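Structure file protein_10.pdb (PDB, C-alpha atoms) follows.
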ATOM      1  CA  ASN A   1      12.415 119.687 -74.371
ATOM      2  CA  GLU A   2      13.010 116.243 -75.623
ATOM      3  CA  ARG A   3      15.495 115.701 -72.942
ATOM      4  CA  SER A   4      13.146 116.689 -70.330
ATOM      5  CA  ASN A   5      10.550 114.325 -71.818
ATOM      6  CA  CYS A   6      13.118 111.543 -71.898
ATOM      7  CA  SER A   7      14.137 112.295 -68.379
ATOM      8  CA  ARG A   8      10.525 112.291 -67.259
ATOM      9  CA  ILE A   9       9.920 109.014 -69.145
ATOM     10  CA  GLU A  10      13.087 107.603 -67.658
ATOM     11  CA  LYS A  11      11.956 108.586 -64.188
ATOM     12  CA  MET A  12       8.541 107.099 -64.928
ATOM     13  CA  LEU A  13      10.165 103.888 -66.147
ATOM     14  CA  ILE A  14      12.351 103.725 -63.057
ATOM     15  CA  SER A  15       9.362 104.421 -60.898
ATOM     16  CA  PHE A  16       7.379 101.850 -62.851
ATOM     17  CA  SER A  17      10.271  99.377 -62.617
ATOM     18  CA  ASP A  18      10.492  99.961 -58.871
ATOM     19  CA  ARG A  19       6.757  99.505 -58.485
ATOM     20  CA  PHE A  20       6.891  96.444 -60.713
ATOM     21  CA  SER A  21       9.736  95.032 -58.633
ATOM     22  CA  LEU A  22       7.700  95.743 -55.513
ATOM     23  CA  MET A  23       4.655  94.122 -57.100
ATOM     24  CA  VAL A  24       6.697  91.084 -58.159
ATOM     25  CA  GLY A  25       8.109  90.891 -54.625
ATOM     26  CA  GLY A  26       4.579  91.287 -53.215
ATOM     27  CA  VAL A  27       3.293  88.628 -55.594
ATOM     28  CA  LYS A  28       6.156  86.337 -54.532
ATOM     29  CA  ASP A  29       5.384  87.021 -50.854
ATOM     30  CA  ALA A  30       1.702  86.432 -51.548
ATOM     31  CA  SER A  31       2.586  83.222 -53.431
ATOM     32  CA  ASP A  32       4.724  82.041 -50.505
ATOM     33  CA  LYS A  33       1.938  82.905 -48.103
ATOM     34  CA  LEU A  34      -0.550  81.116 -50.378
ATOM     35  CA  ASP A  35       1.719  78.027 -50.431
ATOM     36  CA  THR A  36       1.952  78.139 -46.628
ATOM     37  CA  MET A  37      -1.821  78.508 -46.348
ATOM     38  CA  ASN A  38      -2.284  75.712 -48.878
ATOM     39  CA  ARG A  39      -0.022  73.419 -46.795
ATOM     40  CA  ARG A  40      -1.933  74.404 -43.672
ATOM     41  CA  CYS A  41      -5.257  73.740 -45.435
ATOM     42  CA  ASN A  42      -3.999  70.353 -46.651
ATOM     43  CA  TYR A  43      -2.887  69.510 -43.075
ATOM     44  CA  ALA A  44      -6.223  70.723 -41.694
ATOM     45  CA  ALA A  45      -8.086  68.686 -44.349
ATOM     46  CA  SER A  46      -6.003  65.632 -43.396
ATOM     47  CA  ARG A  47      -6.785  66.215 -39.683
ATOM     48  CA  ILE A  48     -10.470  66.688 -40.515
ATOM     49  CA  ARG A  49     -10.510  63.396 -42.463
ATOM     50  CA  SER A  50      -8.744  61.672 -39.545
ATOM     51  CA  LEU A  51     -11.167  63.190 -37.022
ATOM     52  CA  LYS A  52     -14.098  62.249 -39.248
ATOM     53  CA  THR A  53     -12.846  58.641 -39.344
ATOM     54  CA  THR A  54     -12.323  58.654 -35.569
ATOM     55  CA  ILE A  55     -15.747  60.206 -34.944
ATOM     56  CA  THR A  56     -17.402  57.725 -37.330
ATOM     57  CA  ARG A  57     -15.674  54.805 -35.583
ATOM     58  CA  ARG A  58     -16.652  56.172 -32.151
ATOM     59  CA  CYS A  59     -20.249  56.711 -33.324
ATOM     60  CA  ASP A  60     -20.357  53.139 -34.648
ATOM     61  CA  ASN A  61     -18.938  51.891 -31.344
ATOM     62  CA  ALA A  62     -21.402  54.053 -29.413
ATOM     63  CA  GLU A  63     -24.303  52.739 -31.519
ATOM     64  CA  GLU A  64     -23.172  49.177 -30.879
ATOM     65  CA  THR A  65     -22.775  49.931 -27.166
ATOM     66  CA  VAL A  66     -26.227  51.535 -27.061
ATOM     67  CA  SER A  67     -27.674  48.558 -28.932
ATOM     68  CA  ASN A  68     -26.000  46.143 -26.492
ATOM     69  CA  GLN A  69     -27.189  48.183 -23.518
ATOM     70  CA  CYS A  70     -30.737  48.267 -24.921
ATOM     71  CA  ALA A  71     -30.655  44.482 -25.274
ATOM     72  CA  MET A  72     -29.288  44.218 -21.723
ATOM     73  CA  ILE A  73     -32.014  46.568 -20.447
ATOM     74  CA  LYS A  74     -34.689  44.478 -22.190
ATOM     75  CA  SER A  75     -33.191  41.359 -20.646
ATOM     76  CA  LEU A  76     -33.140  43.020 -17.221
ATOM     77  CA  GLU A  77     -36.730  44.225 -17.680
ATOM     78  CA  SER A  78     -37.717  40.656 -18.514
ATOM     79  CA  LYS A  79     -35.916  39.408 -15.416
ATOM     80  CA  VAL A  80     -37.613  42.095 -13.308
ATOM     81  CA  GLN A  81     -40.993  40.948 -14.640
ATOM     82  CA  GLU A  82     -40.099  37.353 -13.830
ATOM     83  CA  ALA A  83     -39.013  38.425 -10.331
ATOM     84  CA  GLU A  84     -42.278  40.320  -9.857
ATOM     85  CA  GLN A  85     -44.239  37.255 -10.973
ATOM     86  CA  ILE A  86     -42.226  35.081  -8.584
ATOM     87  CA  LYS A  87     -42.831  37.628  -5.834
ATOM     88  CA  ALA A  88     -46.580  37.582  -6.535
ATOM     89  CA  ARG A  89     -46.589  33.764  -6.537
ATOM     90  CA  SER A  90     -44.543  33.803  -3.344
ATOM     91  CA  LYS A  91     -47.103  36.111  -1.722
ATOM     92  CA  GLN A  92     -49.880  33.753  -2.818
ATOM     93  CA  VAL A  93     -47.950  30.736  -1.513
ATOM     94  CA  ASN A  94     -47.305  32.550   1.768
ATOM     95  CA  ALA A  95     -50.992  33.441   2.030
ATOM     96  CA  ASN A  96     -51.910  29.799   1.335
ATOM     97  CA  LEU A  97     -49.338  28.635   3.885
ATOM     98  CA  GLU A  98     -50.772  31.049   6.433
ATOM     99  CA  LEU A  99     -54.284  29.716   5.773
ATOM    100  CA  GLN A 100     -52.995  26.150   6.050
ATOM    101  CA  SER A 101     -51.128  27.066   9.229
ATOM    102  CA  GLN A 102     -54.325  28.502  10.713
ATOM    103  CA  GLU A 103     -56.239  25.392   9.631
ATOM    104  CA  ILE A 104     -53.539  23.180  11.188
ATOM    105  CA  LYS A 105     -53.726  25.169  14.431
ATOM    106  CA  LYS A 106     -57.517  24.827  14.390
ATOM    107  CA  LEU A 107     -57.232  21.073  13.787
ATOM    108  CA  GLN A 108     -54.596  20.813  16.547
ATOM    109  CA  ARG A 109     -56.950  22.604  18.955
ATOM    110  CA  GLU A 110     -59.750  20.236  17.943
ATOM    111  CA  ARG A 111     -57.383  17.268  18.328
ATOM    112  CA  ASP A 112     -56.347  18.504  21.775
ATOM    113  CA  HIS A 113     -60.017  18.972  22.687
ATOM    114  CA  PHE A 114     -60.883  15.475  21.430
ATOM    115  CA  SER A 115     -57.807  14.052  23.186
ATOM    116  CA  ALA A 116     -59.001  15.637  26.426
ATOM    117  CA  GLN A 117     -62.489  14.227  25.836
ATOM    118  CA  ILE A 118     -61.010  10.782  25.085
ATOM    119  CA  ASP A 119     -58.911  10.990  28.270
ATOM    120  CA  ASP A 120     -62.050  11.962  30.221
ATOM    121  CA  LEU A 121     -63.997   9.099  28.627
ATOM    122  CA  ARG A 122     -61.140   6.661  29.403
ATOM    123  CA  LEU A 123     -61.137   7.850  32.998
ATOM    124  CA  GLN A 124     -64.937   7.506  33.188
ATOM    125  CA  LEU A 125     -64.727   4.060  31.558
ATOM    126  CA  THR A 126     -62.013   3.013  34.004
ATOM    127  CA  GLU A 127     -64.116   4.304  36.923
ATOM    128  CA  GLN A 128     -67.257   2.593  35.560
ATOM    129  CA  LYS A 129     -65.298  -0.606  34.985
ATOM    130  CA  GLN A 130     -63.947  -0.453  38.523
ATOM    131  CA  ARG A 131     -67.477   0.218  39.903
ATOM    132  CA  PHE A 132     -68.844  -2.645  37.802
ATOM    133  CA  LEU A 133     -66.081  -4.939  39.042
ATOM    134  CA  ASP A 134     -66.628  -3.787  42.630
ATOM    135  CA  GLU A 135     -70.398  -4.258  42.296
ATOM    136  CA  HIS A 136     -69.883  -7.631  40.580
ATOM    137  CA  GLU A 137     -67.499  -8.730  43.317
ATOM    138  CA  GLN A 138     -69.991  -7.601  45.967
ATOM    139  CA  ARG A 139     -72.842  -9.427  44.172
ATOM    140  CA  LEU A 140     -70.618 -12.482  43.751
ATOM    141  CA  ALA A 141     -69.645 -12.325  47.406
ATOM    142  CA  SER A 142     -73.303 -11.866  48.324
ATOM    143  CA  GLU A 143     -74.369 -14.766  46.069
ATOM    144  CA  LYS A 144     -71.581 -16.935  47.520
ATOM    145  CA  SER A 145     -72.743 -16.009  50.970
ATOM    146  CA  THR A 146     -76.343 -16.777  49.955
ATOM    147  CA  ALA A 147     -75.191 -20.061  48.355
ATOM    148  CA  VAL A 148     -73.305 -20.974  51.524
ATOM    149  CA  ASN A 149     -76.351 -20.101  53.611
ATOM    150  CA  LEU A 150     -78.603 -22.076  51.266
ATOM    151  CA  ARG A 151     -76.262 -25.068  51.395
ATOM    152  CA  GLN A 152     -76.199 -24.899  55.149
ATOM    153  CA  GLU A 153     -79.964 -24.557  55.236
ATOM    154  CA  ASN A 154     -80.270 -27.350  52.682
ATOM    155  CA  ALA A 155     -77.955 -29.485  54.778
ATOM    156  CA  HIS A 156     -80.106 -28.741  57.879
ATOM    157  CA  LEU A 157     -83.268 -29.544  55.978
ATOM    158  CA  ARG A 158     -81.806 -32.833  54.756
ATOM    159  CA  GLU A 159     -80.795 -33.755  58.214
ATOM    160  CA  ALA A 160     -84.217 -32.789  59.459
ATOM    161  CA  LEU A 161     -85.828 -34.766  56.649
ATOM    162  CA  LYS A 162     -83.593 -37.717  57.342
ATOM    163  CA  ALA A 163     -84.456 -37.500  60.967
ATOM    164  CA  LYS A 164     -88.135 -37.410  60.161
ATOM    165  CA  THR A 165     -87.919 -40.236  57.720
ATOM    166  CA  GLU A 166     -86.021 -42.437  60.013
TER     167      GLU A 166
END
Rewrite the structure of this file - the entire thing - as structure tokens.
Amino acid sequence: NERSNCSRIEKMLISFSDRFSLMVGGVKDASDKLDTMNRRCNYAASRIRSLKTTITRRCDNAEETVSNQCAMIKSLESKVQEAEQIKARSKQVNANLELQSQEIKKLQRERDHFSAQIDDLRLQLTEQKQRFLDEHEQRLASEKSTAVNLRQENAHLREALKAKTE
């Protein structure tokens, strides 16, 4: 009976030893797997830190770029406002120039009208001057003729008076 108990215990010990060996082997496999996973986790953590640094640097660069672009946009908006003001002033200047151009055209028409009137007056003055000169020459010729006639008559009267007084 004792032998059978010993044999049973021996079998149990062998079975236990086999299971223990399997458990130790499983624990060793699990430990190896845990080491592999730990290395992978460390590598992943290293990659995550590297990516975090890269992302942070890119975010900083992006923020700086956005800030620069905002400043550029503000500058461009300011320039657009200046251009719009210049455009408005240009429109006003063009409107003023158009008004001045119309005024100049009006004054040129008036000048042309007055020039035509002056030319007409010059022509009338020339004609009147010529008529005056013609009339004056005729009067002068008539007065000369009258003077000649009076001299002749005076000469005849003197001769007649001389003849009577003698």
Between CA of Ile48 in chain A and CA of Glu64 in chain A, measure the distance and give it in Å to one decimal. 23.7 Å
Rounded to one decimal, what separation in Å do you get between CA of Asn38 in chain A and CA of Arg19 in chain A?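 Atom-to-atom, CA of Asn38 in chain A and CA of Arg19 in chain A are spaced 27.2 Å apart.
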Mind pulling up the distance from CA of Arg49 in chain A to CA of Thr65 in chain A?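 Here the two named atoms are 23.8 Å from each other.
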Exercise on range 43-53 of chain A, axis-aligned box with 5 Å per side, report centre and edge lengths in Å to one decimal, as JSON:
{"center_x": -8.5, "center_y": 64.7, "center_z": -40.7, "size_x": 21.2, "size_y": 22.1, "size_z": 17.3}
